[in-house]
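First the structure, in the form of structure tokens, and then the observations on it.
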Amino acid sequence: MLNLDWSFYRWDVISSFVLKGLQFSLLLTVVATLGGVAVGTVLALMRLSGRRWLELPATIYVNGMRSIPLVMVILWFFLLVPFVIGRPIGAELSAIITFIAFEAAYFSEIVRAGIQSIPRGQVMAGHALGLTYGQNMRLVILPQAFRNMLPVFLTQTIILFQDTSLVYAIGAYDMLKGFEVAGKNYGRPIEAYLAAAVVYFAICYGLSALVKRLHARIAIIR
């Protein structure tokens, strides 16, 4: 039987170690989601443009990123970029840039599927009104597509939040790192990792329940 002792988990410990890491995990999740959606939308439009000089590089980027483990991308960027530019950029900034670049590939596929799910009649109606390709996408297709994609976007965001624990590999101070430091300082690493697992589960389970309710509401609106 494990001799577990949770008495060291006081508010001063949580505020000093865990909340600092949680703030960065949430910041990384929000920034990577917004940046990934923005870049992913551009990539999706490039792949749907019908122009090979736009479609080919976007396809190579998306398929290439989705074929590499995220932790490898994090390590490569953190180790190689300072070597190329001649100066370090820091673990936190490296993690933010890496996550945006990596998640853009996944959000691109979500956006592309969402655009293709819009009935062809909507596209033809826009053309009949004299809208250009850009106007049709901005005013007719994308608003409907983003509404349909919202539950999938949020699900991917939950996965992204879970993946933020991988920045541990480059020493960034995320929530998992906060638990680890607290556990080492008080000689209770097992309790620290168990508590981290419970917190990750509680956050992700709660967000998943919200996504499920949102999906049901969108289905009713349709």
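We name chains A, B, ... following the order of the structure tokens; residues begin at 1 in each chain, and ligands are numbered from 1 as shown.
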Per DSSP on the backbone, filter chain A down to the residues in helix (DSSP H, G or I) and report them as a PyMOL selection string.
chain A and resi 11-47+52-66+70-85+91-117+120-128+133-170+175-185+189-221
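For Gly183 in chain A, the non-local neighbours within 12 Å, defined as residues at least 6 positions apart in the same chain or in other chains and counting only C-alpha atoms, are Leu4, Asp5, Trp6, Ser7, Phe8, Tyr9, Val13, Ile14, Phe17, Val18, Leu176, Lys177, Pro189, Ile190, Glu191, Ala192, Tyr193, Leu194, Ala195 and Ala196 of chain A.
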Have a look at A:Gly126, A:Gly121, A:Gly114, A:Pro69 and name the one nearest to Leu150 in chain A; count only C-alpha atoms.
A:Gly114
Atom pair CA of Ala172 in chain A / CA of Val81 in chain A: separation (Å):
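One can read the CA of Ala172 in chain A to CA of Val81 in chain A distance as 16.2 Å.
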What's around Pro143 in chain A at 12 Å? Count only C-alpha atoms, leave out sequence neighbours fewer than 5 positions away in its own chain, and write the answer as JSON, numbers by chain.
{"A": [111, 114, 115, 118, 122, 135, 136, 137, 138, 148, 149, 150]}
Atoms kept (N, CA and C atoms) for selection, written as an mmCIF file, in the first residue's frame:
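Final file, out-v4.cif:
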data_model
loop_
_atom_site.group_PDB
_atom_site.id
_atom_site.type_symbol
_atom_site.label_atom_id
_atom_site.label_comp_id
_atom_site.auth_asym_id
_atom_site.auth_seq_id
_atom_site.Cartn_x
_atom_site.Cartn_y
_atom_site.Cartn_z
ATOM 1 N N VAL A 111 -11.477 22.867 -40.978
ATOM 2 C CA VAL A 111 -12.077 23.933 -41.774
ATOM 3 C C VAL A 111 -12.401 23.432 -43.181
ATOM 4 N N GLY A 114 -15.428 21.360 -43.032
ATOM 5 C CA GLY A 114 -16.603 22.191 -42.775
ATOM 6 C C GLY A 114 -17.067 22.929 -44.012
ATOM 7 N N ILE A 115 -16.133 23.459 -44.788
ATOM 8 C CA ILE A 115 -16.491 24.158 -46.034
ATOM 9 C C ILE A 115 -17.124 23.203 -47.025
ATOM 10 N N ILE A 118 -20.915 22.323 -46.659
ATOM 11 C CA ILE A 118 -21.961 23.266 -47.049
ATOM 12 C C ILE A 118 -22.549 22.836 -48.393
ATOM 13 N N GLN A 122 -25.640 26.535 -51.901
ATOM 14 C CA GLN A 122 -25.256 27.773 -51.235
ATOM 15 C C GLN A 122 -24.173 28.506 -52.032
ATOM 16 N N GLN A 135 -15.738 37.039 -51.543
ATOM 17 C CA GLN A 135 -16.972 37.498 -50.912
ATOM 18 C C GLN A 135 -17.884 36.327 -50.571
ATOM 19 N N ASN A 136 -17.962 35.364 -51.463
ATOM 20 C CA ASN A 136 -18.800 34.189 -51.244
ATOM 21 C C ASN A 136 -18.323 33.412 -50.015
ATOM 22 N N MET A 137 -17.008 33.256 -49.910
ATOM 23 C CA MET A 137 -16.446 32.543 -48.769
ATOM 24 C C MET A 137 -16.702 33.320 -47.472
ATOM 25 N N ARG A 138 -16.451 34.628 -47.500
ATOM 26 C CA ARG A 138 -16.528 35.447 -46.287
ATOM 27 C C ARG A 138 -17.956 35.658 -45.811
ATOM 28 N N ASN A 148 -21.061 25.072 -37.979
ATOM 29 C CA ASN A 148 -21.083 23.612 -37.998
ATOM 30 C C ASN A 148 -19.835 23.014 -37.369
ATOM 31 N N MET A 149 -18.704 23.727 -37.498
ATOM 32 C CA MET A 149 -17.436 23.189 -37.022
ATOM 33 C C MET A 149 -17.175 23.481 -35.555
ATOM 34 N N LEU A 150 -17.975 24.320 -34.921
ATOM 35 C CA LEU A 150 -17.683 24.773 -33.564
ATOM 36 C C LEU A 150 -17.478 23.626 -32.569
#
Would you mind listing what lies within 12 Å of Leu27 in chain A as a short mmCIF file (atom, residue, chain, number, x, y, z; two decimals) with N, CA, C and O atoms, in the first residue's frame, with only C-alpha atoms counted and same-chain residues fewer than 3 positions away left out?
data_model
loop_
_atom_site.label_atom_id
_atom_site.label_comp_id
_atom_site.auth_asym_id
_atom_site.auth_seq_id
_atom_site.Cartn_x
_atom_site.Cartn_y
_atom_site.Cartn_z
N LYS A 20 0.64 29.08 -11.35
CA LYS A 20 1.58 29.68 -12.30
C LYS A 20 1.67 28.83 -13.57
O LYS A 20 1.63 29.35 -14.69
N GLY A 21 1.76 27.51 -13.39
CA GLY A 21 1.81 26.63 -14.55
C GLY A 21 0.48 26.56 -15.28
O GLY A 21 0.45 26.50 -16.51
N LEU A 22 -0.63 26.59 -14.52
CA LEU A 22 -1.95 26.56 -15.14
C LEU A 22 -2.17 27.79 -16.02
O LEU A 22 -2.76 27.69 -17.10
N GLN A 23 -1.70 28.94 -15.58
CA GLN A 23 -1.84 30.15 -16.37
C GLN A 23 -1.16 30.01 -17.73
O GLN A 23 -1.72 30.40 -18.76
N PHE A 24 0.04 29.45 -17.73
CA PHE A 24 0.73 29.29 -19.01
C PHE A 24 0.05 28.24 -19.87
O PHE A 24 -0.06 28.40 -21.10
N VAL A 30 -5.17 28.95 -25.55
CA VAL A 30 -5.95 30.00 -26.21
C VAL A 30 -5.20 30.56 -27.42
O VAL A 30 -5.75 30.67 -28.52
N VAL A 31 -3.93 30.89 -27.24
CA VAL A 31 -3.14 31.48 -28.33
C VAL A 31 -2.97 30.48 -29.47
O VAL A 31 -3.11 30.83 -30.65
N ALA A 32 -2.67 29.23 -29.13
CA ALA A 32 -2.48 28.21 -30.17
C ALA A 32 -3.79 27.93 -30.90
O ALA A 32 -3.78 27.66 -32.11
N THR A 33 -4.92 28.00 -30.20
CA THR A 33 -6.21 27.78 -30.86
C THR A 33 -6.52 28.91 -31.83
O THR A 33 -6.86 28.67 -33.00
N LEU A 34 -6.39 30.15 -31.37
CA LEU A 34 -6.69 31.29 -32.24
C LEU A 34 -5.72 31.34 -33.42
O LEU A 34 -6.14 31.53 -34.57
N GLY A 35 -4.44 31.19 -33.14
CA GLY A 35 -3.46 31.20 -34.22
C GLY A 35 -3.62 30.02 -35.16
O GLY A 35 -3.50 30.16 -36.38
N GLU A 92 9.05 29.18 -23.49
CA GLU A 92 7.64 29.56 -23.61
C GLU A 92 7.30 30.05 -25.01
O GLU A 92 6.31 29.62 -25.62
N LEU A 93 8.13 30.96 -25.54
CA LEU A 93 7.88 31.47 -26.90
C LEU A 93 8.02 30.36 -27.92
O LEU A 93 7.24 30.27 -28.88
N ALA A 95 7.38 27.23 -27.45
CA ALA A 95 6.19 26.38 -27.34
C ALA A 95 5.00 27.02 -28.05
O ALA A 95 4.25 26.33 -28.76
N ILE A 96 4.82 28.34 -27.90
CA ILE A 96 3.69 29.02 -28.53
C ILE A 96 3.78 28.93 -30.05
O ILE A 96 2.80 28.58 -30.74
N PHE A 99 3.22 25.25 -31.27
CA PHE A 99 1.83 24.80 -31.17
C PHE A 99 0.96 25.43 -32.26
O PHE A 99 0.09 24.77 -32.82
N LEU A 160 -5.76 19.88 -27.48
CA LEU A 160 -4.62 20.80 -27.45
C LEU A 160 -4.21 21.09 -26.00
O LEU A 160 -3.01 21.10 -25.68
N PHE A 161 -5.21 21.32 -25.14
CA PHE A 161 -4.90 21.56 -23.73
C PHE A 161 -4.18 20.37 -23.12
O PHE A 161 -3.22 20.54 -22.34
N THR A 164 -0.53 20.34 -24.08
CA THR A 164 0.36 21.34 -23.52
C THR A 164 1.33 20.75 -22.51
O THR A 164 2.40 21.33 -22.25
N TYR A 173 7.36 26.07 -18.12
CA TYR A 173 6.67 25.92 -16.84
C TYR A 173 5.16 25.87 -17.08
O TYR A 173 4.47 26.88 -17.02
N ASP A 174 4.65 24.67 -17.34
CA ASP A 174 3.22 24.48 -17.51
C ASP A 174 2.63 23.89 -16.23
O ASP A 174 3.31 23.82 -15.21
N MET A 175 1.36 23.49 -16.30
CA MET A 175 0.70 23.00 -15.10
C MET A 175 1.36 21.72 -14.58
O MET A 175 1.54 21.55 -13.37
#
